[in-house]
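> Structure file work23.cif (mmCIF, C-alpha atoms) is given on the next line.
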data_my_file
#
loop_
_atom_site.label_atom_id
_atom_site.label_comp_id
_atom_site.auth_asym_id
_atom_site.auth_seq_id
_atom_site.Cartn_x
_atom_site.Cartn_y
_atom_site.Cartn_z
CA MET A 1 -5.44 -19.83 -31.74
CA ARG A 2 -7.55 -16.78 -30.91
CA THR A 3 -6.70 -15.16 -27.62
CA ARG A 4 -8.24 -12.69 -25.24
CA LYS A 5 -6.49 -9.92 -27.16
CA LEU A 6 -9.45 -10.14 -29.53
CA THR A 7 -12.12 -9.93 -26.83
CA ALA A 8 -10.24 -7.29 -24.85
CA GLY A 9 -10.12 -5.23 -28.03
CA LEU A 10 -13.85 -5.74 -28.51
CA THR A 11 -14.44 -4.59 -24.91
CA LEU A 12 -12.49 -1.40 -25.59
CA ALA A 13 -14.46 -0.92 -28.82
CA PHE A 14 -17.70 -1.39 -26.86
CA VAL A 15 -16.72 1.27 -24.33
CA LEU A 16 -15.47 3.64 -27.00
CA GLY A 17 -18.64 3.15 -29.07
CA LEU A 18 -20.75 3.80 -25.99
CA LEU A 19 -18.96 7.07 -25.27
CA ILE A 20 -19.22 8.20 -28.90
CA LEU A 21 -22.94 7.37 -28.93
CA ASP A 22 -23.32 9.27 -25.68
CA GLN A 23 -21.52 12.30 -27.08
CA ALA A 24 -23.86 12.32 -30.07
CA GLN A 25 -26.96 11.93 -27.93
CA SER A 26 -26.36 14.03 -24.82
CA GLY A 27 -26.13 17.75 -24.23
CA PRO A 28 -22.86 19.52 -23.50
CA VAL A 29 -21.44 19.40 -19.98
CA ASN A 30 -21.76 22.67 -18.11
CA ARG A 31 -18.48 23.00 -16.19
CA PHE A 32 -19.89 25.92 -14.21
CA GLN A 33 -22.92 24.06 -12.89
CA GLN A 34 -21.33 21.00 -11.31
CA PRO A 35 -22.11 19.41 -7.95
CA ALA A 36 -19.64 19.73 -5.10
CA ALA A 37 -16.65 17.40 -5.39
CA ILE A 38 -17.89 15.36 -2.43
CA ALA A 39 -21.58 14.86 -1.63
CA TRP A 40 -20.99 14.48 2.12
CA GLY A 41 -21.08 17.93 3.65
CA SER A 42 -22.21 19.58 0.41
CA ASN A 43 -25.71 20.59 1.59
CA GLU A 44 -27.01 19.07 -1.66
CA SER A 45 -29.63 16.33 -1.77
CA ALA A 46 -28.56 12.98 -3.20
CA GLY A 47 -29.65 12.38 -6.80
CA GLY A 48 -31.16 8.93 -6.40
CA ALA A 49 -30.04 7.38 -9.70
CA HIS A 50 -29.61 4.00 -8.04
CA CYS A 51 -31.02 0.57 -8.82
CA ALA A 52 -32.73 0.43 -5.41
CA ALA A 53 -34.69 3.63 -6.06
CA LEU A 54 -38.27 3.58 -7.33
CA PRO A 55 -38.92 5.96 -10.27
CA GLN A 56 -39.28 9.58 -9.18
CA MET B 1 -11.87 -13.07 -11.37
CA SER B 2 -12.73 -16.47 -12.79
CA HIS B 3 -10.68 -19.58 -12.22
CA ALA B 4 -9.95 -19.71 -15.93
CA SER B 5 -8.46 -16.24 -15.92
CA ALA B 6 -6.42 -17.09 -12.86
CA THR B 7 -4.77 -20.09 -14.44
CA GLY B 8 -4.26 -18.31 -17.72
CA ALA B 9 -2.71 -15.33 -16.04
CA ALA B 10 -0.30 -17.52 -14.12
CA ALA B 11 1.07 -18.99 -17.35
CA ALA B 12 1.14 -15.67 -19.21
CA PRO B 13 4.37 -13.86 -20.05
CA ALA B 14 5.12 -10.80 -17.93
CA THR B 15 4.51 -7.43 -19.54
CA SER B 16 7.32 -4.94 -19.90
CA LEU B 17 7.95 -2.05 -17.54
CA LEU B 18 7.16 0.33 -20.38
CA THR B 19 3.76 -1.28 -20.93
CA ARG B 20 2.98 -1.19 -17.24
CA THR B 21 4.01 2.44 -16.93
CA GLY B 22 1.86 3.23 -19.96
CA LEU B 23 -1.14 1.47 -18.39
CA LEU B 24 -0.85 3.42 -15.15
CA ALA B 25 -0.26 6.69 -16.98
CA GLY B 26 -3.24 6.04 -19.23
CA ALA B 27 -5.54 5.44 -16.26
CA LEU B 28 -4.28 8.58 -14.54
CA VAL B 29 -4.76 10.68 -17.67
CA LEU B 30 -8.33 9.42 -18.06
CA VAL B 31 -9.20 10.29 -14.47
CA LEU B 32 -7.61 13.74 -14.74
CA ALA B 33 -9.32 14.40 -18.07
CA VAL B 34 -12.75 13.58 -16.63
CA ALA B 35 -12.00 15.63 -13.50
CA MET B 36 -10.96 18.68 -15.54
CA LEU B 37 -13.40 18.44 -18.46
CA VAL B 38 -16.50 17.13 -16.68
CA GLY B 39 -16.08 17.81 -12.96
CA LEU B 40 -14.00 16.84 -9.96
CA ARG B 41 -16.69 14.59 -8.47
CA PHE B 42 -16.90 12.64 -11.71
CA GLY B 43 -13.14 12.21 -11.93
CA LEU B 44 -13.17 10.89 -8.37
CA LEU B 45 -15.96 8.45 -9.19
CA LEU B 46 -14.08 7.13 -12.21
CA ALA B 47 -11.05 6.64 -9.97
CA ILE B 48 -13.19 4.78 -7.41
CA GLY B 49 -14.56 2.59 -10.20
CA LEU B 50 -11.03 1.83 -11.37
CA GLY B 51 -10.26 0.90 -7.78
CA PHE B 52 -13.17 -1.55 -7.70
CA GLY B 53 -11.93 -3.14 -10.92
CA LEU B 54 -8.34 -3.32 -9.68
CA VAL B 55 -9.36 -4.97 -6.41
CA LEU B 56 -11.87 -7.41 -7.89
CA GLU B 57 -9.61 -8.57 -10.72
CA GLY B 58 -6.33 -8.07 -8.89
CA TYR B 59 -7.31 -10.21 -5.91
CA ARG B 60 -9.63 -12.49 -7.95
CA PHE B 61 -12.39 -11.64 -5.55
CA GLY B 62 -16.05 -11.61 -6.51
CA PHE B 63 -19.53 -12.79 -5.72
CA ALA B 64 -20.55 -15.57 -8.13
CA GLY B 65 -17.36 -17.61 -7.70
CA PRO B 66 -17.42 -17.79 -3.89
CA TRP B 67 -21.10 -18.75 -3.89
CA ARG B 68 -20.35 -21.49 -6.39
CA ARG B 69 -17.51 -22.82 -4.20
CA LEU B 70 -19.81 -22.75 -1.18
CA ILE B 71 -22.51 -24.70 -3.02
CA ARG B 72 -20.26 -27.19 -4.79
CA GLU B 73 -17.36 -27.66 -2.39
CA GLY B 74 -18.73 -26.41 0.93
CA ASP B 75 -16.00 -23.75 0.99
CA PRO B 76 -17.47 -20.72 2.79
CA THR B 77 -14.36 -18.50 2.86
CA GLY B 78 -15.18 -16.23 -0.09
CA THR B 79 -18.78 -15.76 1.02
CA VAL B 80 -17.70 -14.99 4.58
CA ALA B 81 -15.21 -12.45 3.21
CA GLN B 82 -18.13 -10.79 1.39
CA LEU B 83 -20.02 -10.61 4.69
CA VAL B 84 -16.96 -9.11 6.40
CA SER B 85 -16.74 -6.45 3.70
CA ILE B 86 -20.44 -5.63 4.08
CA ALA B 87 -20.04 -5.39 7.87
CA VAL B 88 -17.13 -2.95 7.57
CA VAL B 89 -19.14 -0.73 5.22
CA ALA B 90 -22.13 -0.88 7.59
CA LEU B 91 -19.95 0.25 10.52
CA VAL B 92 -19.22 3.48 8.64
CA ALA B 93 -22.35 3.89 6.54
CA PHE B 94 -24.92 3.69 9.35
CA PRO B 95 -23.58 6.71 11.30
CA LEU B 96 -22.92 8.61 8.07
CA LEU B 97 -26.47 8.12 6.85
CA ALA B 98 -27.91 9.03 10.25
CA SER B 99 -26.06 12.34 10.34
CA SER B 100 -26.04 13.35 6.66
CA GLY B 101 -29.38 15.15 6.54
CA GLY B 102 -30.26 13.88 3.05
CA GLU B 103 -26.85 14.43 1.46
CA LEU B 104 -26.33 10.68 1.50
CA ILE B 105 -28.94 8.00 0.79
CA GLY B 106 -28.93 4.25 1.36
CA ALA B 107 -29.87 1.47 -1.05
CA HIS B 108 -33.33 1.16 0.45
CA ALA B 109 -36.12 -0.66 -1.36
CA PRO B 110 -39.25 -2.65 -0.52
CA VAL B 111 -39.52 -6.42 -0.33
CA GLY B 112 -42.13 -7.83 -2.70
CA PHE B 113 -43.07 -10.83 -4.82
CA ALA B 114 -41.32 -9.52 -7.93
CA MET B 115 -38.31 -8.46 -5.88
CA ILE B 116 -37.87 -11.97 -4.46
CA GLY B 117 -38.53 -13.65 -7.81
CA GLY B 118 -36.11 -11.30 -9.53
CA ALA B 119 -33.38 -12.07 -7.02
CA PHE B 120 -33.94 -15.81 -7.47
CA VAL B 121 -33.60 -15.55 -11.26
CA PHE B 122 -30.55 -13.31 -10.90
CA GLY B 123 -28.89 -15.82 -8.58
CA ALA B 124 -29.44 -18.62 -11.11
CA CYS B 125 -28.26 -16.58 -14.10
CA MET B 126 -25.15 -15.27 -12.38
CA GLN B 127 -24.05 -18.88 -11.93
CA VAL B 128 -24.85 -19.71 -15.55
CA VAL B 129 -22.56 -17.01 -16.94
CA MET B 130 -20.28 -17.00 -13.84
CA GLY B 131 -20.65 -13.29 -13.52
CA CYS B 132 -22.84 -11.11 -11.36
CA GLY B 133 -23.33 -7.35 -11.82
CA SER B 134 -19.77 -6.40 -10.97
CA GLY B 135 -18.41 -9.73 -12.22
CA THR B 136 -19.77 -9.26 -15.74
CA LEU B 137 -18.02 -5.89 -15.91
CA VAL B 138 -14.77 -7.23 -14.45
CA ASN B 139 -14.75 -10.28 -16.71
CA SER B 140 -15.51 -8.17 -19.78
CA GLY B 141 -12.58 -5.95 -18.90
CA SER B 142 -10.28 -8.94 -18.61
CA GLY B 143 -11.38 -10.29 -22.00
CA ASN B 144 -13.72 -13.10 -20.93
CA PRO B 145 -15.82 -13.73 -24.07
CA VAL B 146 -18.86 -15.07 -22.19
CA SER B 147 -19.16 -11.93 -20.08
CA LEU B 148 -18.43 -9.71 -23.05
CA LEU B 149 -21.39 -11.25 -24.91
CA ALA B 150 -23.59 -11.09 -21.80
CA LEU B 151 -22.85 -7.42 -21.10
CA PRO B 152 -24.91 -5.70 -23.84
CA PHE B 153 -27.85 -8.04 -23.16
CA PHE B 154 -27.49 -7.30 -19.44
CA ALA B 155 -27.86 -3.61 -20.33
CA LEU B 156 -30.89 -4.32 -22.53
CA GLY B 157 -32.50 -6.40 -19.79
CA SER B 158 -31.90 -3.65 -17.27
CA PHE B 159 -33.52 -1.14 -19.61
CA PHE B 160 -36.66 -3.24 -20.14
CA GLY B 161 -36.81 -4.36 -16.50
CA ALA B 162 -36.79 -0.74 -15.34
CA ASP B 163 -39.45 0.11 -17.90
CA HIS B 164 -41.70 -2.65 -16.55
CA LEU B 165 -40.79 -2.17 -12.88
CA LEU B 166 -44.02 -0.56 -11.70
CA TRP B 167 -46.12 -3.25 -13.40
CA TRP B 168 -44.19 -5.92 -11.50
CA THR B 169 -44.30 -4.12 -8.15
CA GLY B 170 -48.09 -4.01 -8.56
CA PHE B 171 -48.20 -7.76 -7.75
CA GLY B 172 -47.55 -6.98 -4.11
CA THR B 173 -44.92 -5.01 -2.27
CA LEU B 174 -44.42 -4.39 1.44
CA PRO B 175 -43.48 -0.99 2.81
CA THR B 176 -39.73 -0.33 2.75
CA VAL B 177 -38.13 -1.57 5.97
CA VAL B 178 -34.84 0.02 7.00
CA PHE B 179 -32.66 -0.78 10.01
CA GLU B 180 -31.36 2.55 11.27
CA GLY B 181 -29.30 4.02 14.08
CA THR B 182 -27.30 2.11 16.66
CA LEU B 183 -29.93 -0.60 17.09
CA GLY B 184 -30.20 -1.07 13.33
CA LEU B 185 -26.44 -1.36 13.04
CA LEU B 186 -26.28 -3.90 15.86
CA ILE B 187 -29.04 -5.97 14.25
CA THR B 188 -27.24 -5.88 10.90
CA LEU B 189 -23.85 -6.81 12.38
CA ALA B 190 -25.39 -9.58 14.49
CA ALA B 191 -27.19 -11.00 11.45
CA LEU B 192 -24.01 -10.89 9.34
CA ALA B 193 -22.02 -12.54 12.13
CA SER B 194 -24.69 -15.21 12.56
CA VAL B 195 -24.68 -16.13 8.87
CA ALA B 196 -20.87 -16.19 8.82
CA ALA B 197 -20.78 -18.34 11.97
CA VAL B 198 -23.26 -20.87 10.56
CA LEU B 199 -21.32 -21.11 7.29
CA MET B 200 -18.04 -21.65 9.15
CA TRP B 201 -19.60 -24.15 11.55
CA ARG B 202 -20.95 -26.24 8.67
CA ALA B 203 -17.63 -26.18 6.79
CA ALA B 204 -14.92 -28.81 7.09
CA PRO B 205 -12.11 -27.68 9.46
CA GLU B 206 -9.61 -27.32 6.61
CA GLN B 207 -12.00 -24.94 4.81
CA ARG B 208 -12.39 -22.51 7.68
CA SER B 209 -9.29 -20.42 7.08
CA ILE B 210 -9.97 -17.31 5.00
CA PRO B 211 -7.07 -16.68 2.57
CA ARG B 212 -5.10 -13.47 3.12
CA ARG B 213 -6.01 -12.12 -0.31
CA TYR B 214 -9.72 -12.35 0.59
CA TRP B 215 -9.15 -10.32 3.75
CA ILE B 216 -7.27 -7.66 1.81
CA ALA B 217 -9.84 -7.58 -1.00
CA ALA B 218 -12.76 -7.42 1.45
CA LEU B 219 -11.25 -4.47 3.32
CA LEU B 220 -10.22 -2.61 0.17
CA LEU B 221 -13.66 -3.16 -1.34
CA ALA B 222 -15.27 -1.84 1.83
CA GLY B 223 -13.05 1.25 1.76
CA LEU B 224 -13.96 1.94 -1.87
CA ALA B 225 -17.67 1.41 -1.16
CA VAL B 226 -17.53 3.95 1.65
CA LEU B 227 -15.72 6.40 -0.63
CA ASN B 228 -18.43 5.81 -3.25
CA LEU B 229 -21.10 6.68 -0.69
CA VAL B 230 -19.30 9.80 0.53
CA VAL B 231 -18.42 11.15 -2.92
CA ALA B 232 -21.57 10.19 -4.85
CA GLY B 233 -24.09 10.57 -2.04
CA GLN B 234 -25.41 7.09 -2.79
CA PRO B 235 -24.08 3.56 -2.31
CA TRP B 236 -22.21 1.51 -4.88
CA GLY B 237 -24.51 0.26 -7.63
CA VAL B 238 -24.20 -1.25 -11.09
CA VAL B 239 -27.54 -1.94 -12.76
CA TYR B 240 -29.00 1.54 -13.10
CA GLY B 241 -26.03 2.63 -15.21
CA LEU B 242 -26.32 -0.36 -17.54
CA GLY B 243 -30.01 0.34 -18.14
CA LEU B 244 -29.18 3.97 -18.85
CA TRP B 245 -26.68 2.89 -21.51
CA ALA B 246 -29.41 0.93 -23.32
CA ALA B 247 -31.93 3.75 -22.83
CA LYS B 248 -29.53 6.14 -24.51
CA GLY B 249 -29.11 3.67 -27.34
CA ALA B 250 -32.90 3.43 -27.71
CA THR B 251 -33.11 7.24 -27.84
CA VAL B 252 -30.49 7.40 -30.57
CA LEU B 253 -32.51 4.84 -32.55
CA GLY B 254 -35.53 7.15 -32.30
CA ALA B 255 -37.46 5.71 -29.36
CA ASP B 256 -39.57 8.19 -27.41
CA LEU B 257 -39.20 7.25 -23.74
CA SER B 258 -41.26 10.13 -22.36
CA GLY B 259 -44.24 7.79 -21.92
CA SER B 260 -42.27 5.21 -19.93
CA SER B 261 -43.28 4.91 -16.27
CA PHE B 262 -39.59 4.69 -15.39
CA TRP B 263 -37.50 6.40 -18.06
CA GLY B 264 -40.12 9.09 -18.59
CA THR B 265 -39.90 10.49 -15.05
CA PRO B 266 -38.28 13.94 -14.77
CA GLY B 267 -35.10 12.69 -13.06
CA ASN B 268 -34.49 9.93 -15.58
CA MET B 269 -35.33 12.12 -18.59
CA GLU B 270 -32.76 14.60 -17.33
CA ARG B 271 -30.13 11.88 -17.03
CA LEU B 272 -30.97 10.62 -20.51
CA GLY B 273 -30.06 14.03 -21.86
CA ASP B 274 -26.92 14.39 -19.75
CA SER B 275 -23.52 12.91 -20.47
CA LEU B 276 -22.85 9.39 -19.15
CA LEU B 277 -19.74 10.91 -17.62
CA THR B 278 -22.01 12.68 -15.10
CA ASP B 279 -23.88 9.51 -14.09
CA VAL B 280 -22.60 7.92 -10.90
CA THR B 281 -23.09 4.25 -11.74
CA SER B 282 -22.01 4.65 -15.37
CA LEU B 283 -18.72 6.13 -14.20
CA THR B 284 -18.01 3.40 -11.66
CA ASN B 285 -19.09 0.74 -14.18
CA LEU B 286 -16.68 2.10 -16.79
CA GLY B 287 -14.02 2.29 -14.09
CA ILE B 288 -14.56 -1.36 -13.15
CA ILE B 289 -14.10 -2.44 -16.77
CA GLY B 290 -11.01 -0.23 -17.03
CA GLY B 291 -9.50 -1.46 -13.75
CA ALA B 292 -9.96 -5.11 -14.72
CA PHE B 293 -8.50 -4.39 -18.17
CA LEU B 294 -5.49 -2.78 -16.54
CA VAL B 295 -4.84 -5.76 -14.26
CA ALA B 296 -5.28 -8.27 -17.08
CA ALA B 297 -2.93 -6.31 -19.35
CA TRP B 298 -0.45 -5.88 -16.47
CA ARG B 299 -0.36 -9.64 -15.94
CA GLY B 300 -0.20 -10.46 -19.64
CA GLY B 301 -3.54 -12.23 -19.27
CA PHE B 302 -4.70 -11.41 -22.79
CA SER B 303 -2.49 -14.16 -24.24
CA GLN B 304 -4.92 -16.72 -22.82
CA GLY B 305 -6.80 -18.67 -25.50
CA LEU B 306 -10.55 -18.32 -26.02
CA PRO B 307 -12.73 -21.28 -25.02
CA LYS B 308 -14.47 -23.43 -27.60
CA LEU B 309 -18.07 -23.59 -26.48
CA PRO B 310 -21.09 -25.18 -28.19
CA ALA B 311 -23.73 -22.96 -29.81
CA ARG B 312 -26.19 -23.61 -27.00
CA ALA B 313 -23.72 -22.09 -24.53
CA TRP B 314 -23.67 -18.82 -26.47
CA VAL B 315 -27.47 -18.81 -26.76
CA ALA B 316 -27.69 -19.44 -23.01
CA THR B 317 -25.28 -16.57 -22.41
CA VAL B 318 -27.46 -14.16 -24.39
CA ILE B 319 -30.62 -15.23 -22.54
CA ALA B 320 -28.95 -15.27 -19.12
CA GLY B 321 -27.38 -11.87 -19.80
CA PHE B 322 -30.77 -10.38 -20.61
CA LEU B 323 -32.34 -12.02 -17.55
CA LEU B 324 -29.53 -10.72 -15.31
CA GLY B 325 -30.44 -7.19 -16.29
CA TYR B 326 -34.21 -7.65 -16.23
CA SER B 327 -34.35 -9.55 -12.94
CA SER B 328 -31.98 -7.23 -11.13
CA ARG B 329 -34.27 -4.29 -11.87
CA LEU B 330 -37.24 -6.15 -10.36
CA ALA B 331 -35.05 -7.13 -7.40
CA PHE B 332 -34.02 -3.49 -6.80
CA GLY B 333 -30.41 -4.30 -7.49
CA CYS B 334 -27.88 -7.00 -8.18
CA ASN B 335 -25.26 -8.47 -5.86
CA VAL B 336 -23.85 -4.96 -5.54
CA GLY B 337 -26.87 -2.63 -5.33
CA ALA B 338 -29.13 -4.97 -3.32
CA PHE B 339 -26.92 -7.48 -1.49
CA PHE B 340 -23.76 -5.49 -0.76
CA SER B 341 -25.14 -1.96 -0.60
CA GLY B 342 -28.65 -2.87 0.59
CA ILE B 343 -27.49 -4.80 3.65
CA SER B 344 -24.65 -2.39 4.45
CA THR B 345 -27.07 0.55 4.52
CA GLY B 346 -29.77 -1.25 6.51
CA SER B 347 -32.35 -2.27 3.91
CA LEU B 348 -34.34 -5.43 4.63
CA HIS B 349 -34.59 -6.06 0.90
CA GLY B 350 -30.84 -6.78 0.86
CA TRP B 351 -31.42 -9.75 3.17
CA ALA B 352 -34.41 -10.99 1.15
CA TRP B 353 -32.23 -10.67 -1.97
CA PHE B 354 -29.46 -12.73 -0.34
CA VAL B 355 -31.78 -15.61 0.55
CA ALA B 356 -33.62 -15.65 -2.79
CA ALA B 357 -30.52 -15.24 -4.95
CA PHE B 358 -28.68 -17.96 -3.06
CA GLY B 359 -31.64 -20.28 -3.70
CA GLY B 360 -31.45 -19.43 -7.39
CA ALA B 361 -27.70 -19.99 -7.41
CA PHE B 362 -28.22 -23.67 -6.46
CA TYR B 363 -30.13 -24.19 -9.70
CA GLY B 364 -27.74 -22.03 -11.72
CA VAL B 365 -24.81 -24.21 -10.67
CA LYS B 366 -26.71 -27.29 -11.87
CA LEU B 367 -27.79 -25.61 -15.12
CA ARG B 368 -24.32 -24.51 -16.20
CA PRO B 369 -23.04 -27.92 -17.44
CA TRP B 370 -26.36 -28.68 -19.17
CA LEU B 371 -26.07 -25.43 -21.10
CA GLY B 372 -22.61 -26.36 -22.34
CA LEU B 373 -20.76 -23.74 -20.32
CA GLU B 374 -18.64 -26.36 -18.56
CA ALA B 375 -17.92 -30.06 -18.89
CA ARG B 376 -20.50 -32.35 -17.31
CA SER B 377 -19.17 -34.27 -14.35
#
Do you think you could lay out the structure here as structure tokens?

Amino acid sequence: MRTRKLTAGLTLAFVLGLLILDQAQSGPVNRFQQPAAIAWGSNESAGGAHCAALPQ
Amino acid sequence: MSHASATGAAAAPATSLLTRTGLLAGALVLVLAVAMLVGLRFGLLLAIGLGFGLVLEGYRFGFAGPWRRLIREGDPTGTVAQLVSIAVVALVAFPLLASSGGELIGAHAPVGFAMIGGAFVFGACMQVVMGCGSGTLVNSGSGNPVSLLALPFFALGSFFGADHLLWWTGFGTLPTVVFEGTLGLLITLAALASVAAVLMWRAAPEQRSIPRRYWIAALLLAGLAVLNLVVAGQPWGVVYGLGLWAAKGATVLGADLSGSSFWGTPGNMERLGDSLLTDVTSLTNLGIIGGAFLVAAWRGGFSQGLPKLPARAWVATVIAGFLLGYSSRLAFGCNVGAFFSGISTGSLHGWAWFVAAFGGAFYGVKLRPWLGLEARS
């Protein structure tokens, strides 16, 4: 009988495929231009990439 | 998270100490790698996402299941635990938002026709596949085949729903209403307490005791949601990240999204070009999948057999998965972004979402057996 080992493996493959696709599609990460570790108290405005936000 | 996974996990053989140590070490290495190679904030967000997954799967706590038990059995305990969790977040989030000066934002969105309709459809579909926004991720991580099939279509739906969002909001949308400050917090807490009180009052006496694991899960979830807000600058969300995954896929396939009213905006174009490992909701989404995977592997839950479902159940899963994504974009969020984060940061649309989605859930519960996803009673 097939078990969840199969589907769990497919989930891992999905995530891995997504990250590989992302690597191929996106630009390199700039380690020297990163936001503060914690947004609260950073004096930086929030990004707004949230499902409640209208397109800006 | 699902009943099926709970029973299967109980019968599963225990995993070895070596396997468990490897699982923990693997999670730690992933978080450290993201923190060092991408940025500290992003490592923290992945850790928070893992925490969400651990809590939701570990305590078998969620959103779709408790609503189903409330509708079918009159058991309000899981839903009341959700309200408790939202109230705890609100207690911290309201003062934080009031004093943050724009560093932190709430999940604030307008109420409108499409928003209400979207929430209704989402509520129905989350009962069909027994997985909401977070639940689909958790269940995929624990090897649930229905959620695993629904997940890519959820992402596709979110992509198209976002693309069409402005067309839908054109049907009529009120100005965004936000409860703020001490009065706003008191209104929110009073409303949450009122709903919880009504649910408890209507329940049978033996169904009024909230299990200990729900209390723990609700408090841990609230703590993680507050951490999400403080670290990311925005509340916990799910759907934006899923849509971004599909948008990236469309870009790889050659689609030009610069003309899209949603994906073509400067902020979204920038995110399309950036790594997913710098996107807040993508990181927490991946963490949720990873956390649930870790718990399932820890418990030996992967030895559970796969269900034999009729073809119409799989077709229904694909359609419901797509509609989950599409409708949640019109509704300005799913159970996480709109219901949990919307209400806990004072947005009226969170309350409208709750009412509409709960209405949809009544029909979703009835639809599920007809679609072959469970035995007809």
> Please check which residues have atoms at most 12 Å from (-21.2, 8.5, -25.6) in the file's coordinates, counting only C-alpha atoms, and write them as a ChimeraX atom specification.
/A:14-28 /B:244-246,248-249,252,272-279,282-283,286
> Taking the file as shown, what set of residues would the PyMOL selection byres ((chain B) within 6 of (chain A)) give back, as a PDB file with C-alpha atoms, in the frame of the given file?

ATOM      1  CA  LEU B  40     -14.000  16.840  -9.960  1.00  0.00           C
ATOM      2  CA  ARG B  41     -16.690  14.590  -8.470  1.00  0.00           C
ATOM      3  CA  GLY B 102     -30.260  13.880   3.050  1.00  0.00           C
ATOM      4  CA  GLU B 103     -26.850  14.430   1.460  1.00  0.00           C
ATOM      5  CA  LEU B 104     -26.330  10.680   1.500  1.00  0.00           C
ATOM      6  CA  ALA B 107     -29.870   1.470  -1.050  1.00  0.00           C
ATOM      7  CA  HIS B 108     -33.330   1.160   0.450  1.00  0.00           C
ATOM      8  CA  ALA B 109     -36.120  -0.660  -1.360  1.00  0.00           C
ATOM      9  CA  GLY B 143     -11.380 -10.290 -22.000  1.00  0.00           C
ATOM     10  CA  PRO B 145     -15.820 -13.730 -24.070  1.00  0.00           C
ATOM     11  CA  VAL B 230     -19.300   9.800   0.530  1.00  0.00           C
ATOM     12  CA  VAL B 231     -18.420  11.150  -2.920  1.00  0.00           C
ATOM     13  CA  ALA B 232     -21.570  10.190  -4.850  1.00  0.00           C
ATOM     14  CA  GLY B 233     -24.090  10.570  -2.040  1.00  0.00           C
ATOM     15  CA  VAL B 239     -27.540  -1.940 -12.760  1.00  0.00           C
ATOM     16  CA  TYR B 240     -29.000   1.540 -13.100  1.00  0.00           C
ATOM     17  CA  PHE B 262     -39.590   4.690 -15.390  1.00  0.00           C
ATOM     18  CA  THR B 265     -39.900  10.490 -15.050  1.00  0.00           C
ATOM     19  CA  GLY B 273     -30.060  14.030 -21.860  1.00  0.00           C
ATOM     20  CA  ASP B 274     -26.920  14.390 -19.750  1.00  0.00           C
ATOM     21  CA  SER B 275     -23.520  12.910 -20.470  1.00  0.00           C
ATOM     22  CA  PHE B 302      -4.700 -11.410 -22.790  1.00  0.00           C
ATOM     23  CA  SER B 303      -2.490 -14.160 -24.240  1.00  0.00           C
ATOM     24  CA  GLN B 304      -4.920 -16.720 -22.820  1.00  0.00           C
ATOM     25  CA  GLY B 305      -6.800 -18.670 -25.500  1.00  0.00           C
ATOM     26  CA  LEU B 306     -10.550 -18.320 -26.020  1.00  0.00           C
ATOM     27  CA  PHE B 332     -34.020  -3.490  -6.800  1.00  0.00           C
ATOM     28  CA  GLY B 333     -30.410  -4.300  -7.490  1.00  0.00           C
TER      29      GLY B 333
END
> Can you measure atom CA of B:Gly141 to atom CA of B:Gly291 for me? One decimal in Å is fine.
7.5 Å
> To test your reading of the syntax: which residues would the PyMOL selection byres ((chain B and resi 257) around 12) return for the file shown? Reply as an MDAnalysis selection string.
chainID B and resid 159:160 162:163 244 246:256 258:266 268:270 272:273
> Atom CA of B:Leu137 to atom CA of B:Leu56: how many Å, to one decimal?
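Atom CA of B:Leu56 lies 10.2 Å from atom CA of B:Leu137.
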> B:Ala203: which residues within 9 Å, counting only C-alpha atoms, same-chain residues fewer than 4 positions away excluded, as an mmCIF file with C-alpha atoms, in the coordinates of the input?

data_model
loop_
_atom_site.group_PDB
_atom_site.id
_atom_site.type_symbol
_atom_site.label_atom_id
_atom_site.label_comp_id
_atom_site.auth_asym_id
_atom_site.auth_seq_id
_atom_site.Cartn_x
_atom_site.Cartn_y
_atom_site.Cartn_z
ATOM 1 C CA LEU B 70 -19.810 -22.750 -1.180
ATOM 2 C CA GLY B 74 -18.730 -26.410 0.930
ATOM 3 C CA ASP B 75 -16.000 -23.750 0.990
ATOM 4 C CA PRO B 76 -17.470 -20.720 2.790
ATOM 5 C CA VAL B 198 -23.260 -20.870 10.560
ATOM 6 C CA LEU B 199 -21.320 -21.110 7.290
ATOM 7 C CA GLN B 207 -12.000 -24.940 4.810
ATOM 8 C CA ARG B 208 -12.390 -22.510 7.680
#
> Suppose you want the space between atom CA of B:Pro235 and atom CA of B:Gly106; what is it in Å?
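These two atoms are separated by 6.1 Å.
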> Enumerate, in order of chain and increasing residue number, the residues of stretch 168-196 of chain B with an atom no farther than 7 Å from stretch 80-93 of chain B, each with its shortest atom pair and distance in Å to one decimal, counting all atoms listed in the file, as JSON lines.

{"residue": "B:Leu185", "atom": "CA", "partner": "B:Ala90", "partner_atom": "CA", "distance": 7.0}
{"residue": "B:Leu189", "atom": "CA", "partner": "B:Ala87", "partner_atom": "CA", "distance": 6.1}
{"residue": "B:Leu192", "atom": "CA", "partner": "B:Leu83", "partner_atom": "CA", "distance": 6.1}
{"residue": "B:Ala196", "atom": "CA", "partner": "B:Val80", "partner_atom": "CA", "distance": 5.4}
> Mind telling me what the PyMOL selection byres ((chain B and resi 342-353) around 6) catches here, as JSON, numbers by chain?
{"B": [86, 89, 90, 106, 107, 108, 110, 111, 119, 177, 178, 179, 338, 339, 340, 341, 354, 355, 356, 357]}
> Could you name the residues that touch stretch 309-326 of chain B at 8 Å or less, counting all atoms listed in the file, but leaving out those on the same chain fewer than 4 positions away, as a PyMOL selection string?
chain B and resi 118+121-122+125-126+128-129+132-133+146+149-162+239+243+330+371-373
> Near stretch 58-66 of chain B, within 6 Å and counting all atoms listed in the file, which residues show up once chain neighbours fewer than 2 positions away are dropped, as a PyMOL selection string?
chain B and resi 1+54-56+68-69+78-79+130-132
